[in-house]
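**Q** I am attaching a structure below and will ask some questions about it afterwards.
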2 protein chains.
Amino acid sequence: MTEDPKFAQLRARLAEVNDLTKAATLLFWDQRVMMPPGGSAARAEALATVSRLAQERFVADDIGKLLEDLRGLEESSDYDSFEASLIRVTRHDYEKATRVPPELVGEMRRASVYALSAWGPAKAESDFEQLRPHLEKNLELRHRYVECFDPAEETYDVLLDDYEPNMKTAEVREVFDELKEELLPLIKEIGDAGEIDDSFLTGEFDPAVQRGLGLEIVRHFGYTDEEWRLHETPHPFMSSPGVGDIRLTANFRPTDLHSLFASMHEFGHGVYEWGVEPSLARTPLGSGVSLGVHESQSRLWENLVGRSRSFWRFFYPRLQEAFPQQLGSVDEEAFFRAVNKVHPSLIRIDADEVTYNMHIILRFELEQELIENRLAVKDLPEAWNARMAEYLGVDVPDDARGVLQDMHWAAGNLGYFPTYSLGNVISVQIWERAKEDLGDLDERFERGEFGELREWLREHLYRMGRKFTPQETIERATGSRIDAKPYVRYLREKLAPQHAS
Amino acid sequence: MTEDPKFAQLRARLAEVNDLTKAATLLFWDQRVMMPPGGSAARAEALATVSRLAQERFVADDIGKLLEDLRGLEESSDYDSFEASLIRVTRHDYEKATRVPPELVGEMRRASVYALSAWGPAKAESDFEQLRPHLEKNLELRHRYVECFDPAEETYDVLLDDYEPNMKTAEVREVFDELKEELLPLIKEIGDAGEIDDSFLTGEFDPAVQRGLGLEIVRHFGYTDEEWRLHETPHPFMSSPGVGDIRLTANFRPTDLHSLFASMHEFGHGVYEWGVEPSLARTPLGSGVSLGVHESQSRLWENLVGRSRSFWRFFYPRLQEAFPQQLGSVDEEAFFRAVNKVHPSLIRIDADEVTYNMHIILRFELEQELIENRLAVKDLPEAWNARMAEYLGVDVPDDARGVLQDMHWAAGNLGYFPTYSLGNVISVQIWERAKEDLGDLDERFERGEFGELREWLREHLYRMGRKFTPQETIERATGSRIDAKPYVRYLREKLAPQHAS
């Protein structure tokens, strides 16, 4: 069986684009992890050139021509086949990419660089006014971006599609409305039940010991020296500069144990990329399918595994052994309750499993109001503060701890935030499906066995890469479309006060 | 004053090529320093693509056209000007690059990959026969490569030009003949004077302590956290993925102090790249001018600084303090003599300052005989062994420690070796010139002051980058063409037995 020559040509062209993209990935990883600061200016140039070439060579006319010529092969091939999937997904990417003039792409990139430069000082000085003109510029450019596409049901659909392809705003709203309805009373119940003591989670925790423990944990999950690396950076992230090459970073703060959960979180992102079918490498299919599904895996390993009672039954003795002074007199149950404490607070990235979603829903709503011109940028701080009071009962003392806390809007990423909560929702859908197949996971976790879960996830989810849309992927993995109910049920079972009705 | 628009176009095109080259540099650095082994296959693809694109975009017709159109600007500009230099050097590179058909480039690259794969096992098993057919293939391809160019005075000129541009075989031969004539008797004199004790240089030397000392030394020389990095690899090398970003590696063996000298050596390569005029960045002018001049700087910092009495007057107390058990009872003079011991031996990379050159001259002579078909590959081991006996009085016990010891010929690098000894020769020419300007350097070194030397080198050598040919560069820095006399004089003064006439 010989490969269709046009298909072979398409693959070769896409492989080249992918190689450039992976080179850019490494340039970026190195900039954040290894590069001495003196290299910044040269790196910015190299990164811009390699990214631009990757883009130019992807939107080239010959790729469009090949995609047209391959309609026959696509139609005659099984929907699930490599051929049909590659042509279908590439066409979707190509049509999006060719809609946007390169000048606008360049303008958006430049504006976000300026806005990010302004964001740092604005946050440091808690001065929204410094960022305001940049956000207005970003918003104006997003309006021009939206106009490049056919009119959608809702304007926000176009933005969302960049992060969660083919997902509609209405679908997200339905999920989030259900979350809101269930979580607001749950937060109140938990608040009424009184404070949980988590004071022992703050103290002196030697970063080197934390690093060792973090590595130990992810090795139990599946990290190997053959294919993985772990480095330190101020902001943790995961990067994969190529198949069989998964890089995690963590931030080992000397004052708390946050890094353990952050390492599990980044492992979840990494293991998803690691598990993509290797034969999809060097094609647009060779990575995770969307930010939401990606986040489902970071959350699954961080929260469903890493904040479970059974995980800590296994690992808490090791943690006590490593920090006898700090945790010697804290029992497993007290520790478990502390790392699962629910408490409304100001900062999204420090939020617990329940209130986190309200931080997201707030941003999702404000983003829609902004892009639909129902809210002016200048009124954003006020709207933010009002909604924080309404959803979480929290008073925002200043914009640094309010509307300025995240860099996403400065970076121009409108439509990104909802994927975080979608990830939470999806994580439990997948989790329930895995338990149906595998039976009791807790028993395995208590023995330090995570391999069967990992392999189930690889087989039923990771392998697919980007062959299907996110919704198709979720359906294939779980048997149902995105659905908030399992997640809400999980939160209630795990976190509602025991004495609650 | 506005820039000539064609010149601006040329710069933009060259900047893009340079960005791709720097991306390839990082891909290569990361592969050797950071990448988990699982990433090899994907990295090989990415590196091949980025290198190929850099090459393709350089040999493109529009660059040739721009170079033609810019002849006027070149002729009307001062020879030393940025404009004239950039056009002149780019034309030289372009004419070379476009002479060689891409198929031959590809064939040479593939053949060297296969030959390098064969070299490892052949060396491990000391079996020349395993490598022989690959060397024959490499040699055949080098013949085809030579045929791409106008006939030169000597065939070897074409090979040499890849590593030492514009240098002629006859010039190298003249230098090497003088070296040979002076060094053979010097080696004999030293041998007759009896053995120097260097047994204390072998023992237990904690690699972590060595790393600290190596860093301490290069910091005294000019390494800063702002622009430099030092990592560990089995084979030390220097790499610069961009302006203001200099990466050294070292190999900290637990059994000896070799790493200290290797770190100084790589610092020398690094500080040359570091000192190139930053405005030459993103052009073909923005790096060291040739392997020979590069090696002159690694040797200068390793040997002329790092094996000097005055350096150790400054640093030996620190070394003793770090290794009191091993060196507490060894005085400074004994240590100085040990690290400068001359002794004929089998392996080039372990050779001392004097005998090293005979290893190189042997290879230079054999390479010429091979490319001129005066020596068949199958007769190479015998010729090697005979010449080792003649030049160094050493019996080669097996090919692993003979003709198979280096990877250069397997990699297809014929014409590379002479640059090592040219570097030695040039290093002392530059050194003498620096001393003429700066006066006594020893006094400064004894106080740990190396900044004036570094800044002199930057001002008089490094700054030039590739604006001129290597010979022009040497002449501008030293006032004379390449000349073996200062080097021979230096070796004799430093290393000849004290009682010699």
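Here, A, B, ... name the chains of the structure tokens in the order displayed, residue numbers run from 1 inside each chain, and ligands are numbered from 1 in the same displayed order.
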Given only C-alpha atoms, how would the per-residue table for chain B near chain A read, listing every residue at most 6 Å away with its closest atom pair and distance in Å to one decimal, sorted by chain and number, as JSON lines?

**A**
```
{"residue": "B:Asp19", "atom": "CA", "partner": "A:Ala46", "partner_atom": "CA", "distance": 4.5}
{"residue": "B:Pro36", "atom": "CA", "partner": "A:Glu227", "partner_atom": "CA", "distance": 5.2}
{"residue": "B:Pro37", "atom": "CA", "partner": "A:Glu226", "partner_atom": "CA", "distance": 5.5}
{"residue": "B:Gly38", "atom": "CA", "partner": "A:Gly244", "partner_atom": "CA", "distance": 4.6}
{"residue": "B:Gly39", "atom": "CA", "partner": "A:Asp245", "partner_atom": "CA", "distance": 4.7}
{"residue": "B:Ala42", "atom": "CA", "partner": "A:Gly242", "partner_atom": "CA", "distance": 5.4}
{"residue": "B:Ala46", "atom": "CA", "partner": "A:Asp19", "partner_atom": "CA", "distance": 4.5}
{"residue": "B:Glu226", "atom": "CA", "partner": "A:Gly38", "partner_atom": "CA", "distance": 5.4}
{"residue": "B:Glu227", "atom": "CA", "partner": "A:Gly38", "partner_atom": "CA", "distance": 4.8}
{"residue": "B:Gly242", "atom": "CA", "partner": "A:Ala42", "partner_atom": "CA", "distance": 5.4}
{"residue": "B:Val243", "atom": "CA", "partner": "A:Ala42", "partner_atom": "CA", "distance": 5.9}
{"residue": "B:Gly244", "atom": "CA", "partner": "A:Gly38", "partner_atom": "CA", "distance": 4.6}
{"residue": "B:Asp245", "atom": "CA", "partner": "A:Gly39", "partner_atom": "CA", "distance": 4.6}
```

**Q** Would you kindly return, as a list in words, each protein, DNA or RNA residue with an atom no farther than 8 Å from any atom of B:Gln471, considering only C-alpha atoms and excluding same-chain residues fewer than 6 positions away?

**A** Asn166, Met167, Arg481 and Ile482 of chain B

**Q** What is the atom CA of B:Phe252-atom CA of B:Phe335 distance in Å, reported with one decimal?

**A**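 Between atom CA of B:Phe252 and atom CA of B:Phe335 the gap is 19.4 Å.
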
**Q** According to DSSP computed on the backbone, where in stretch 34-231 of chain B is there strand (DSSP E)? Give the residues as number ranges by chain.

**A** B: 228-231

**Q** For the residues selected in the previous step, produce a file with N, CA and C atoms as an mmCIF file, in the first residue's frame.

**A**
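Below is the file that was written, again03.cif:
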```
data_model
loop_
_atom_site.group_PDB
_atom_site.id
_atom_site.type_symbol
_atom_site.label_atom_id
_atom_site.label_comp_id
_atom_site.auth_asym_id
_atom_site.auth_seq_id
_atom_site.Cartn_x
_atom_site.Cartn_y
_atom_site.Cartn_z
ATOM 1 N N TRP B 228 26.288 34.642 31.134
ATOM 2 C CA TRP B 228 26.972 33.358 30.962
ATOM 3 C C TRP B 228 26.250 32.252 31.703
ATOM 4 N N ARG B 229 26.494 31.014 31.259
ATOM 5 C CA ARG B 229 26.018 29.829 31.964
ATOM 6 C C ARG B 229 27.100 28.750 31.893
ATOM 7 N N LEU B 230 27.158 27.920 32.933
ATOM 8 C CA LEU B 230 28.093 26.781 32.944
ATOM 9 C C LEU B 230 27.326 25.523 33.323
ATOM 10 N N HIS B 231 27.351 24.516 32.459
ATOM 11 C CA HIS B 231 26.697 23.238 32.739
ATOM 12 C C HIS B 231 27.703 22.104 32.584
#
```

**Q** For B:Glu189, list every protein, DNA or RNA residue within 8 Å, evaluated using only C-alpha atoms, and leave out those in the same chain fewer than 3 positions away; present the list as a ChimeraX atom specification.

**A** /B:185-186,192-193,496-497,500

**Q** List the spatial neighbours of stretch 287-294 of chain B as JSON, numbers by chain - criterion: any atom at most 7 Å away, only C-alpha atoms, same-chain residues fewer than 5 positions off excluded.

**A** {"B": [163, 164, 165, 269, 272, 273, 276, 419, 420, 422, 423, 426, 465, 466, 470]}

**Q** Would you list the contacts of A:Pro486 as an mmCIF file with N, CA, C and O atoms, in the first residue's frame, taking every protein, DNA or RNA residue within 8 Å and counting only C-alpha atoms, but skipping same-chain residues closer than 2 positions in sequence?

**A**
```cif
data_model
loop_
_atom_site.group_PDB
_atom_site.id
_atom_site.type_symbol
_atom_site.label_atom_id
_atom_site.label_comp_id
_atom_site.auth_asym_id
_atom_site.auth_seq_id
_atom_site.Cartn_x
_atom_site.Cartn_y
_atom_site.Cartn_z
ATOM 1 N N VAL A 425 -14.686 20.404 35.083
ATOM 2 C CA VAL A 425 -15.899 19.647 34.781
ATOM 3 C C VAL A 425 -15.547 18.342 34.053
ATOM 4 O O VAL A 425 -16.001 17.256 34.425
ATOM 5 N N VAL A 428 -13.851 15.259 35.994
ATOM 6 C CA VAL A 428 -14.650 14.303 36.766
ATOM 7 C C VAL A 428 -15.432 13.371 35.840
ATOM 8 O O VAL A 428 -15.623 12.182 36.151
ATOM 9 N N GLN A 429 -15.849 13.870 34.692
ATOM 10 C CA GLN A 429 -16.515 12.973 33.731
ATOM 11 C C GLN A 429 -15.582 11.820 33.353
ATOM 12 O O GLN A 429 -15.990 10.669 33.296
ATOM 13 N N GLU A 432 -14.937 9.382 36.356
ATOM 14 C CA GLU A 432 -16.024 8.429 36.617
ATOM 15 C C GLU A 432 -15.984 7.281 35.622
ATOM 16 O O GLU A 432 -16.216 6.119 35.971
ATOM 17 N N ASP A 483 -20.683 17.896 30.621
ATOM 18 C CA ASP A 483 -21.809 17.826 31.557
ATOM 19 C C ASP A 483 -21.304 18.168 32.962
ATOM 20 O O ASP A 483 -20.368 17.560 33.466
ATOM 21 N N ALA A 484 -21.944 19.145 33.596
ATOM 22 C CA ALA A 484 -21.466 19.628 34.897
ATOM 23 C C ALA A 484 -21.845 18.709 36.053
ATOM 24 O O ALA A 484 -21.249 18.794 37.131
ATOM 25 N N VAL A 488 -20.213 18.508 39.990
ATOM 26 C CA VAL A 488 -20.906 19.074 41.149
ATOM 27 C C VAL A 488 -21.122 18.000 42.216
ATOM 28 O O VAL A 488 -20.911 18.234 43.413
ATOM 29 N N ARG A 489 -21.487 16.810 41.748
ATOM 30 C CA ARG A 489 -21.702 15.687 42.673
ATOM 31 C C ARG A 489 -20.396 15.377 43.414
ATOM 32 O O ARG A 489 -20.386 15.191 44.628
ATOM 33 N N TYR A 490 -19.310 15.330 42.673
ATOM 34 C CA TYR A 490 -18.002 15.054 43.277
ATOM 35 C C TYR A 490 -17.655 16.101 44.337
ATOM 36 O O TYR A 490 -17.242 15.768 45.454
#
```

**Q** Using DSSP on the backbone coordinates, identify the residues of stretch 216-369 of chain A assigned to helix (DSSP H, G or I); present them as a ChimeraX atom specification.

**A** /A:216-221,258-275,278-280,291-305,309-322,324-327,332-339,348-350,356-369

**Q** Of the candidates A:Pro207, A:Pro418, A:Gly72, A:Gly439, which shows the shortest atom-to-atom distance to A:Leu257, using only C-alpha atoms?

**A**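 Result for the nearest residue to A:Leu257: A:Pro207.
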
**Q** Which polymer residues have any atom within 8 Å of an atom of stretch 449-455 of chain A, counting only C-alpha atoms, with same-chain residues fewer than 2 positions away left out, as JSON, numbers by chain?

**A** {"A": [220, 221, 222, 434, 438, 441, 444, 445, 446, 447, 457, 458, 459]}

**Q** Produce a file of the selected residues containing N, CA and C atoms, as a compact mmCIF listing (two decimals), in the first residue's frame.

**A**
```txt
# COMPACT_ATOMS: atom_id res chain seq x y z
N HIS A 220 6.18 8.21 40.87
CA HIS A 220 5.12 7.22 41.12
C HIS A 220 4.05 7.30 40.03
N PHE A 221 3.80 8.52 39.54
CA PHE A 221 2.76 8.70 38.52
C PHE A 221 3.21 8.24 37.14
N GLY A 222 4.52 8.32 36.86
CA GLY A 222 4.97 7.89 35.52
C GLY A 222 6.14 8.65 34.94
N ALA A 434 -13.33 6.18 34.06
CA ALA A 434 -12.17 5.33 34.38
C ALA A 434 -12.52 4.38 35.51
N LEU A 438 -12.15 0.46 35.70
CA LEU A 438 -11.04 -0.07 36.50
C LEU A 438 -11.48 -0.52 37.89
N LEU A 441 -10.29 2.72 42.60
CA LEU A 441 -8.94 3.28 42.42
C LEU A 441 -8.28 3.54 43.77
N ARG A 444 -5.82 1.07 45.03
CA ARG A 444 -4.53 1.12 44.31
C ARG A 444 -3.69 2.29 44.79
N PHE A 445 -4.34 3.45 44.90
CA PHE A 445 -3.59 4.64 45.32
C PHE A 445 -2.96 4.43 46.69
N GLU A 446 -3.71 3.79 47.59
CA GLU A 446 -3.18 3.56 48.94
C GLU A 446 -1.91 2.72 48.89
N ARG A 447 -1.80 1.90 47.84
CA ARG A 447 -0.59 1.09 47.68
C ARG A 447 0.45 1.80 46.79
N LEU A 457 -6.02 6.20 30.89
CA LEU A 457 -6.15 7.54 30.32
C LEU A 457 -5.45 7.63 28.97
N ARG A 458 -4.29 7.00 28.90
CA ARG A 458 -3.58 7.01 27.62
C ARG A 458 -4.42 6.32 26.55
N GLU A 459 -4.90 5.15 26.88
CA GLU A 459 -5.66 4.34 25.93
C GLU A 459 -6.96 5.06 25.49
```
